[in-house]
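File shown: input.cif. Contents: mmCIF, C-alpha atoms, pLDDT in the B column; chains and numbers go by the auth columns.
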```cif
data_protein
#
loop_
_atom_site.group_PDB
_atom_site.id
_atom_site.type_symbol
_atom_site.label_atom_id
_atom_site.label_comp_id
_atom_site.label_asym_id
_atom_site.label_seq_id
_atom_site.Cartn_x
_atom_site.Cartn_y
_atom_site.Cartn_z
_atom_site.B_iso_or_equiv
_atom_site.auth_seq_id
_atom_site.auth_asym_id
ATOM 1 C CA ASP A 1 0.000 0.000 0.000 46.00 19 A
ATOM 2 C CA TYR A 2 1.780 3.170 -1.160 50.00 20 A
ATOM 3 C CA GLY A 3 -0.899 5.625 0.027 58.00 21 A
ATOM 4 C CA VAL A 4 -1.293 7.441 -3.314 69.00 22 A
ATOM 5 C CA PRO A 5 -2.019 5.231 -6.361 78.00 23 A
ATOM 6 C CA PHE A 6 0.687 5.633 -8.998 76.00 24 A
ATOM 7 C CA ASN A 7 -1.949 6.265 -11.670 78.00 25 A
ATOM 8 C CA SER A 8 -3.772 8.946 -9.642 81.00 26 A
ATOM 9 C CA ILE A 9 -1.079 11.508 -8.803 84.00 27 A
ATOM 10 C CA ASN A 10 -2.542 14.999 -9.002 84.00 28 A
ATOM 11 C CA GLY A 11 -0.484 17.869 -10.427 86.00 29 A
ATOM 12 C CA MET A 12 1.926 15.792 -12.496 87.00 30 A
ATOM 13 C CA ASP A 13 1.075 17.617 -15.733 85.00 31 A
ATOM 14 C CA SER A 14 1.778 21.039 -14.197 88.00 32 A
ATOM 15 C CA TYR A 15 5.166 19.810 -12.921 89.00 33 A
ATOM 16 C CA PHE A 16 6.126 18.495 -16.335 91.00 34 A
ATOM 17 C CA ASN A 17 4.846 21.609 -18.130 91.00 35 A
ATOM 18 C CA SER A 18 7.104 23.801 -15.973 92.00 36 A
ATOM 19 C CA ILE A 19 10.094 21.636 -16.951 90.00 37 A
ATOM 20 C CA LEU A 20 9.218 21.929 -20.643 90.00 38 A
ATOM 21 C CA LYS A 21 8.878 25.700 -20.335 90.00 39 A
ATOM 22 C CA ASP A 22 12.294 26.124 -18.688 88.00 40 A
ATOM 23 C CA ASN A 23 14.064 23.616 -20.953 85.00 41 A
ATOM 24 C CA PRO A 24 12.956 24.048 -24.604 81.00 42 A
ATOM 25 C CA GLU A 25 15.273 21.262 -25.755 82.00 43 A
ATOM 26 C CA VAL A 26 13.016 18.819 -23.873 87.00 44 A
ATOM 27 C CA ARG A 27 10.122 18.288 -26.286 89.00 45 A
ATOM 28 C CA TYR A 28 8.010 15.872 -24.252 92.00 46 A
ATOM 29 C CA ILE A 29 7.865 13.928 -20.989 92.00 47 A
ATOM 30 C CA PHE A 30 5.618 11.031 -20.151 91.00 48 A
ATOM 31 C CA VAL A 31 5.150 8.360 -17.508 90.00 49 A
ATOM 32 C CA SER A 32 3.769 4.913 -18.269 88.00 50 A
ATOM 33 C CA ASP A 33 2.749 2.107 -15.954 86.00 51 A
ATOM 34 C CA ALA A 34 4.531 -1.257 -15.824 83.00 52 A
ATOM 35 C CA GLY A 35 2.379 -2.489 -18.710 82.00 53 A
ATOM 36 C CA GLY A 36 3.270 0.400 -21.014 83.00 54 A
ATOM 37 C CA VAL A 37 -0.003 2.334 -20.609 86.00 55 A
ATOM 38 C CA ILE A 38 0.710 6.082 -20.594 88.00 56 A
ATOM 39 C CA LEU A 39 -0.496 7.714 -17.367 89.00 57 A
ATOM 40 C CA TYR A 40 0.867 11.265 -17.723 91.00 58 A
ATOM 41 C CA TYR A 41 2.028 13.080 -20.878 92.00 59 A
ATOM 42 C CA SER A 42 3.198 16.658 -21.492 92.00 60 A
ATOM 43 C CA GLY A 43 4.655 18.306 -24.602 92.00 61 A
ATOM 44 C CA PHE A 44 4.868 17.377 -28.280 90.00 62 A
ATOM 45 C CA ARG A 45 2.559 14.491 -29.189 89.00 63 A
ATOM 46 C CA LEU A 46 4.204 11.503 -30.830 88.00 64 A
ATOM 47 C CA ASN A 47 2.166 9.400 -33.216 87.00 65 A
ATOM 48 C CA ARG A 48 1.047 5.861 -32.385 85.00 66 A
ATOM 49 C CA GLU A 49 3.895 4.245 -34.351 86.00 67 A
ATOM 50 C CA GLU A 50 6.570 6.309 -32.564 86.00 68 A
ATOM 51 C CA LEU A 51 5.074 5.568 -29.144 85.00 69 A
ATOM 52 C CA GLY A 52 4.950 1.886 -30.077 84.00 70 A
ATOM 53 C CA SER A 53 8.667 1.940 -30.928 83.00 71 A
ATOM 54 C CA ILE A 54 9.519 3.514 -27.567 82.00 72 A
ATOM 55 C CA ASN A 55 7.377 0.999 -25.651 78.00 73 A
ATOM 56 C CA ASP A 56 9.103 -1.810 -27.560 78.00 74 A
ATOM 57 C CA ILE A 57 12.500 -0.551 -26.348 73.00 75 A
ATOM 58 C CA ILE A 58 11.178 -0.258 -22.791 72.00 76 A
ATOM 59 C CA SER A 59 9.812 -3.814 -22.843 70.00 77 A
ATOM 60 C CA ARG A 60 13.259 -5.205 -23.738 66.00 78 A
ATOM 61 C CA GLY A 61 14.917 -3.582 -20.718 57.00 79 A
ATOM 62 C CA LYS A 62 12.256 -3.212 -18.059 63.00 80 A
ATOM 63 C CA GLN A 63 14.560 -2.283 -15.165 70.00 81 A
ATOM 64 C CA GLU A 64 17.293 -0.576 -17.147 75.00 82 A
ATOM 65 C CA THR A 65 17.826 3.038 -18.127 80.00 83 A
ATOM 66 C CA ARG A 66 17.880 3.026 -21.920 79.00 84 A
ATOM 67 C CA THR A 67 18.328 5.675 -24.622 80.00 85 A
ATOM 68 C CA VAL A 68 17.052 5.296 -28.172 80.00 86 A
ATOM 69 C CA THR A 69 16.620 7.695 -31.082 83.00 87 A
ATOM 70 C CA ILE A 70 13.110 7.756 -32.543 81.00 88 A
ATOM 71 C CA ALA A 71 12.347 10.175 -35.411 77.00 89 A
ATOM 72 C CA ASP A 72 13.853 13.551 -34.432 81.00 90 A
ATOM 73 C CA TYR A 73 14.233 12.830 -30.722 85.00 91 A
ATOM 74 C CA HIS A 74 16.583 11.124 -28.296 83.00 92 A
ATOM 75 C CA ASN A 75 14.426 9.225 -25.800 84.00 93 A
ATOM 76 C CA THR A 76 15.719 8.206 -22.389 84.00 94 A
ATOM 77 C CA SER A 77 13.600 5.721 -20.434 84.00 95 A
ATOM 78 C CA ALA A 78 14.197 5.260 -16.692 86.00 96 A
ATOM 79 C CA PRO A 79 12.321 2.727 -14.520 86.00 97 A
ATOM 80 C CA VAL A 80 10.322 4.062 -11.547 87.00 98 A
ATOM 81 C CA ILE A 81 10.987 1.592 -8.740 85.00 99 A
ATOM 82 C CA VAL A 82 9.670 1.872 -5.182 82.00 100 A
ATOM 83 C CA ASN A 83 10.412 -0.727 -2.497 81.00 101 A
ATOM 84 C CA SER A 84 11.815 -3.117 -5.143 82.00 102 A
ATOM 85 C CA GLU A 85 8.567 -2.915 -7.139 83.00 103 A
ATOM 86 C CA GLN A 86 8.657 -1.405 -10.608 83.00 104 A
ATOM 87 C CA LEU A 87 5.680 0.931 -10.973 86.00 105 A
ATOM 88 C CA GLY A 88 6.426 2.088 -14.517 86.00 106 A
ATOM 89 C CA HIS A 89 8.783 4.225 -16.623 87.00 107 A
ATOM 90 C CA LEU A 90 9.705 7.889 -16.966 89.00 108 A
ATOM 91 C CA VAL A 91 10.508 8.853 -20.582 90.00 109 A
ATOM 92 C CA ILE A 92 12.186 12.118 -21.639 89.00 110 A
ATOM 93 C CA GLY A 93 12.341 13.191 -25.292 89.00 111 A
ATOM 94 C CA ILE A 94 15.205 15.531 -26.286 84.00 112 A
ATOM 95 C CA ASP A 95 15.380 17.336 -29.642 84.00 113 A
ATOM 96 C CA LYS A 96 18.025 15.497 -31.723 78.00 114 A
ATOM 97 C CA LYS A 97 19.467 18.792 -32.966 74.00 115 A
ATOM 98 C CA PHE A 98 20.545 19.483 -29.411 68.00 116 A
ATOM 99 C CA ILE A 99 23.303 16.882 -29.886 57.00 117 A
ATOM 100 C CA HIS A 100 25.309 19.519 -31.760 60.00 118 A
ATOM 101 C CA ASN A 101 25.673 21.544 -28.600 60.00 119 A
ATOM 102 C CA LYS A 102 29.003 20.786 -26.879 52.00 120 A
ATOM 103 C CA THR A 103 27.314 20.740 -23.492 61.00 121 A
ATOM 104 C CA LEU A 104 24.793 18.017 -24.383 64.00 122 A
ATOM 105 C CA ASP A 105 26.031 15.307 -22.008 71.00 123 A
ATOM 106 C CA ILE A 106 26.088 17.465 -18.900 75.00 124 A
ATOM 107 C CA ILE A 107 22.770 19.184 -19.573 74.00 125 A
ATOM 108 C CA TYR A 108 21.153 15.869 -20.469 74.00 126 A
ATOM 109 C CA ASP A 109 22.100 14.458 -17.048 78.00 127 A
ATOM 110 C CA ILE A 110 20.979 17.678 -15.337 78.00 128 A
ATOM 111 C CA ILE A 111 17.547 17.514 -16.961 80.00 129 A
ATOM 112 C CA THR A 112 17.184 13.885 -15.928 80.00 130 A
ATOM 113 C CA VAL A 113 18.143 14.658 -12.318 78.00 131 A
ATOM 114 C CA ILE A 114 15.756 17.629 -12.137 79.00 132 A
ATOM 115 C CA ILE A 115 12.791 15.664 -13.449 76.00 133 A
ATOM 116 C CA VAL A 116 13.499 12.601 -11.297 74.00 134 A
ATOM 117 C CA SER A 117 13.957 14.902 -8.288 75.00 135 A
ATOM 118 C CA LEU A 118 10.596 16.533 -8.931 71.00 136 A
ATOM 119 C CA LEU A 119 8.909 13.176 -9.314 70.00 137 A
ATOM 120 C CA ILE A 120 10.479 11.734 -6.170 71.00 138 A
ATOM 121 C CA SER A 121 9.823 14.897 -4.126 66.00 139 A
ATOM 122 C CA PHE A 122 6.201 14.887 -5.225 61.00 140 A
ATOM 123 C CA GLU A 123 5.816 11.228 -4.232 63.00 141 A
ATOM 124 C CA MET A 124 7.823 11.438 -0.996 62.00 142 A
ATOM 125 C CA VAL A 125 4.699 10.280 0.813 54.00 143 A
ATOM 126 C CA LEU A 126 5.431 6.800 -0.598 56.00 144 A
ATOM 127 C CA PHE A 127 8.450 6.545 1.682 55.00 145 A
ATOM 128 C CA LEU A 128 6.867 7.932 4.846 53.00 146 A
ATOM 129 C CA VAL A 129 5.815 4.547 6.205 53.00 147 A
ATOM 130 C CA ASN A 130 7.842 4.502 9.405 53.00 148 A
ATOM 131 C CA TYR A 131 8.820 7.314 11.801 50.00 149 A
ATOM 132 C CA ALA A 132 12.159 5.601 12.370 50.00 150 A
ATOM 133 C CA ILE A 133 13.316 6.706 8.921 60.00 151 A
ATOM 134 C CA MET A 134 12.225 10.363 9.178 64.00 152 A
ATOM 135 C CA THR A 135 15.800 11.668 9.544 67.00 153 A
ATOM 136 C CA PRO A 136 17.199 10.063 6.359 69.00 154 A
ATOM 137 C CA ILE A 137 13.984 10.996 4.528 72.00 155 A
ATOM 138 C CA LYS A 138 14.503 14.662 5.411 75.00 156 A
ATOM 139 C CA SER A 139 18.126 14.411 4.272 76.00 157 A
ATOM 140 C CA ILE A 140 17.026 12.935 0.930 78.00 158 A
ATOM 141 C CA ASN A 141 14.396 15.623 0.494 81.00 159 A
ATOM 142 C CA ARG A 142 16.941 18.419 1.068 81.00 160 A
ATOM 143 C CA MET A 143 19.315 16.807 -1.428 80.00 161 A
ATOM 144 C CA LEU A 144 16.568 16.466 -4.049 82.00 162 A
ATOM 145 C CA LEU A 145 15.397 20.042 -3.564 84.00 163 A
ATOM 146 C CA ARG A 146 18.969 21.315 -4.044 83.00 164 A
ATOM 147 C CA ALA A 147 19.294 19.317 -7.270 82.00 165 A
ATOM 148 C CA ARG A 148 15.923 20.578 -8.488 83.00 166 A
ATOM 149 C CA ASP A 149 17.187 24.141 -7.989 84.00 167 A
ATOM 150 C CA GLY A 150 20.386 23.420 -9.929 85.00 168 A
ATOM 151 C CA ASP A 151 22.744 22.787 -6.975 85.00 169 A
ATOM 152 C CA PHE A 152 24.747 19.616 -7.664 83.00 170 A
ATOM 153 C CA SER A 153 27.441 20.278 -5.052 83.00 171 A
ATOM 154 C CA HIS A 154 25.865 18.314 -2.185 79.00 172 A
ATOM 155 C CA THR A 155 25.687 14.542 -1.791 79.00 173 A
ATOM 156 C CA GLY A 156 23.982 12.446 0.873 74.00 174 A
ATOM 157 C CA ASP A 157 25.194 10.002 3.511 72.00 175 A
ATOM 158 C CA SER A 158 24.901 6.524 1.981 66.00 176 A
ATOM 159 C CA LYS A 159 26.367 4.467 4.836 69.00 177 A
ATOM 160 C CA SER A 160 23.075 2.663 5.532 68.00 178 A
ATOM 161 C CA GLU A 161 22.665 -0.754 3.930 70.00 179 A
ATOM 162 C CA ASN A 162 18.877 -0.502 3.581 72.00 180 A
ATOM 163 C CA GLU A 163 16.892 0.627 0.538 74.00 181 A
ATOM 164 C CA ILE A 164 17.255 4.296 1.439 73.00 182 A
ATOM 165 C CA GLY A 165 21.031 3.925 1.689 78.00 183 A
ATOM 166 C CA HIS A 166 21.133 2.225 -1.710 80.00 184 A
ATOM 167 C CA PHE A 167 19.031 5.010 -3.230 81.00 185 A
ATOM 168 C CA ILE A 168 21.320 7.718 -1.799 81.00 186 A
ATOM 169 C CA ALA A 169 24.403 5.872 -3.077 83.00 187 A
ATOM 170 C CA ALA A 170 22.923 5.625 -6.581 84.00 188 A
ATOM 171 C CA TYR A 171 21.879 9.279 -6.512 84.00 189 A
ATOM 172 C CA ASN A 172 25.335 10.335 -5.291 85.00 190 A
ATOM 173 C CA ALA A 173 26.875 8.424 -8.197 87.00 191 A
ATOM 174 C CA LEU A 174 24.714 10.352 -10.667 86.00 192 A
ATOM 175 C CA LEU A 175 25.666 13.671 -9.053 86.00 193 A
ATOM 176 C CA ASP A 176 29.341 12.678 -9.188 88.00 194 A
ATOM 177 C CA LYS A 177 28.919 11.868 -12.882 89.00 195 A
ATOM 178 C CA ILE A 178 27.423 15.307 -13.529 87.00 196 A
ATOM 179 C CA ASN A 179 30.261 17.084 -11.717 86.00 197 A
ATOM 180 C CA SER A 180 32.956 14.932 -13.339 88.00 198 A
ATOM 181 C CA SER A 181 31.461 15.409 -16.804 87.00 199 A
ATOM 182 C CA PHE A 182 31.232 19.160 -16.355 84.00 200 A
ATOM 183 C CA TYR A 183 34.829 19.666 -15.218 85.00 201 A
ATOM 184 C CA SER A 184 36.162 17.254 -17.853 85.00 202 A
ATOM 185 C CA MET A 185 34.255 19.147 -20.552 82.00 203 A
ATOM 186 C CA LYS A 186 35.415 22.490 -19.136 81.00 204 A
ATOM 187 C CA GLU A 187 39.055 21.405 -19.165 82.00 205 A
ATOM 188 C CA LYS A 188 38.860 20.292 -22.797 79.00 206 A
ATOM 189 C CA ILE A 189 37.039 23.428 -23.935 76.00 207 A
ATOM 190 C CA MET A 190 39.514 25.752 -22.184 77.00 208 A
ATOM 191 C CA GLN A 191 42.348 24.117 -24.130 74.00 209 A
ATOM 192 C CA ILE A 192 40.782 25.083 -27.459 67.00 210 A
ATOM 193 C CA PRO A 193 42.014 28.401 -28.982 60.00 211 A
ATOM 194 C CA GLY A 194 39.623 31.216 -28.128 57.00 212 A
ATOM 195 C CA SER A 195 38.771 32.147 -31.723 55.00 213 A
ATOM 196 C CA ILE A 196 37.660 28.594 -32.451 57.00 214 A
ATOM 197 C CA ALA A 197 35.657 27.880 -29.315 60.00 215 A
ATOM 198 C CA GLU A 198 34.295 31.348 -28.542 66.00 216 A
ATOM 199 C CA GLY A 199 30.650 30.309 -28.925 69.00 217 A
ATOM 200 C CA VAL A 200 31.127 27.122 -26.925 72.00 218 A
ATOM 201 C CA LYS A 201 32.880 29.004 -24.126 74.00 219 A
ATOM 202 C CA ASP A 202 29.972 31.425 -23.942 76.00 220 A
ATOM 203 C CA ARG A 203 27.634 28.453 -23.488 77.00 221 A
ATOM 204 C CA LEU A 204 29.987 27.024 -20.861 77.00 222 A
ATOM 205 C CA GLU A 205 29.937 30.291 -18.895 82.00 223 A
ATOM 206 C CA LYS A 206 26.147 30.382 -19.072 82.00 224 A
ATOM 207 C CA LEU A 207 25.963 26.786 -17.849 82.00 225 A
ATOM 208 C CA GLU A 208 28.378 27.493 -14.991 82.00 226 A
ATOM 209 C CA SER A 209 26.387 30.546 -13.891 83.00 227 A
ATOM 210 C CA SER A 210 23.062 28.665 -14.035 84.00 228 A
ATOM 211 C CA TYR A 211 24.075 25.618 -11.992 84.00 229 A
ATOM 212 C CA LYS A 212 26.256 25.002 -8.931 86.00 230 A
ATOM 213 C CA PHE A 213 28.808 22.223 -9.232 85.00 231 A
ATOM 214 C CA LYS A 214 30.996 20.570 -6.580 82.00 232 A
ATOM 215 C CA THR A 215 34.355 22.332 -6.203 78.00 233 A
#
```
Written form, structure tokens:
Amino acid sequence: DYGVPFNSINGMDSYFNSILKDNPEVRYIFVSDAGGVILYYSGFRLNREELGSINDIISRGKQETRTVTIADYHNTSAPVIVNSEQLGHLVIGIDKKFIHNKTLDIIYDIITVIIVSLLISFEMVLFLVNYAIMTPIKSINRMLLRARDGDFSHTGDSKSENEIGHFIAAYNALLDKINSSFYSMKEKIMQIPGSIAEGVKDRLEKLESSYKFKT
């Protein structure tokens, strides 16, 4: 019993619409249940054949994060798992033209973290099943809220061997990947002569001013 049925979460569309508004490269977001039935959908509408292709990819890797290019979009599918039970999938569609931007990898991970953070924060009630875990729950919530606001400089304590500890460890690994990718990209871009990489460096500066990375 998770308290709030996965297919009856109020306000999901407004959350996703705000993400689409702030990130124009994200063309659509949708959540499907474990059987592939779409529960929530925001953004550009794919046709039935395109949705069928995405669901086919999902069905071949039910508990894996997968990325596939369909039509003009890069689609990343991530399983939504709570208490070892897979409730469905979160799918994010990115405009394929965005691949030409040198900062694709880092922004792609940032978008994924923001959306997953919003989803998890919104469904935090699913985890509030025992007062004994209130302290780690609050720690997770603070970490997710920071990531949602673009602060990727804080990680959580993952010493616990329970499900919460495993979640924090996995989330920390994703944050570490974002920070490592950013500084690796920054180092390579700064080595390029200014006249060649002027536009890319401008995008790098904008990225660095918009988000907070671990120093």
Could you expand the PyMOL selection byres ((chain A and resi 65-81) around 6) into the explicit residues it covers here, written as a tab-separated table (two decimals) with C-alpha atoms, keeping the file's coordinate frame?
```tsv
chain	number	residue	atom	x	y	z
A	64	LEU	CA	4.20	11.50	-30.83
A	82	GLU	CA	17.29	-0.58	-17.15
A	97	PRO	CA	12.32	2.73	-14.52
```
Using only C-alpha atoms, the shortest atom-to-atom distance to Ile88 (chain A) among A:Glu43, A:Asp127, A:Glu205, A:Asp113 belongs to A:Asp113
(Q) One decimal, in Å: what's the spacing between CA of Ala191 (chain A) and CA of Phe170 (chain A)? (A)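 The value is 11.4 Å.
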Among listed residues A:Ile155, A:Ala52, A:Ile132, A:Ile47, nearest Glu181 (chain A) (using only C-alpha atoms) |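 Of A:Ile155, A:Ala52, A:Ile132, A:Ile47, the one nearest Glu181 (chain A), counting only C-alpha atoms, is A:Ile155.
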Inset, instruction - Carefully work through the PyMOL selection byres ((chain A and resi 37) around 12) for this structure and note down the residues it includes, as a ChimeraX atom specification. - result: /A:30-36,38-48,60-61,110,128-137,166-167
Restricting to only C-alpha atoms, whichever of A:Tyr126, A:Val98, A:Asn25, A:Ile56 is closest to Thr85 (chain A) is A:Tyr126
Item to complete: Would you mind telling me which residue in A:Lys232, A:Gly183, A:Asn190, A:Met203 lies nearest to Met161 (chain A) when using only C-alpha atoms?
Response: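 Ranked by minimum distance to Met161 (chain A), first place goes to A:Asn190.
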| message | Just checking: using only C-alpha atoms, which residue out of A:Lys114, A:His172, A:Arg63, A:Lys206 ends up closest to Tyr189 (chain A)? | response |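 Using only C-alpha atoms, Tyr189 (chain A) sits closest to A:His172.
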**Request:** Tell me which residues the PyMOL selection byres ((chain A and resi 96) around 7) grabs here, as JSON, numbers by chain.
**Result:** {"A": [82, 83, 84, 94, 95, 97, 98, 107, 108, 109]}
Students should find that CA of Val55 (chain A) and CA of Phe185 (chain A) are spaced 25.9 Å
Counting all atoms listed in the file, closest pick from A:Ile207, A:Leu193, A:Ser171, A:Lys156 relative to Asp220 (chain A) is A:Ile207
Go ahead and fit an axis-aligned box to every listed atom of region 47-61 of chain A plus 8 Å each side, and pass me the centre and edge lengths in Å, one decimal, as lines of an AutoDock Vina configuration file.
```
center_x = 3.7
center_y = 7.9
center_z = -20.2
size_x = 24.4
size_y = 36.8
size_z = 24.8
```
**Request:** Kindly give the distance, in Å, that separates CA of Phe231 (chain A) and CA of Ile124 (chain A), rounded to a single decimal.
**Result:**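 The value is 11.1 Å.
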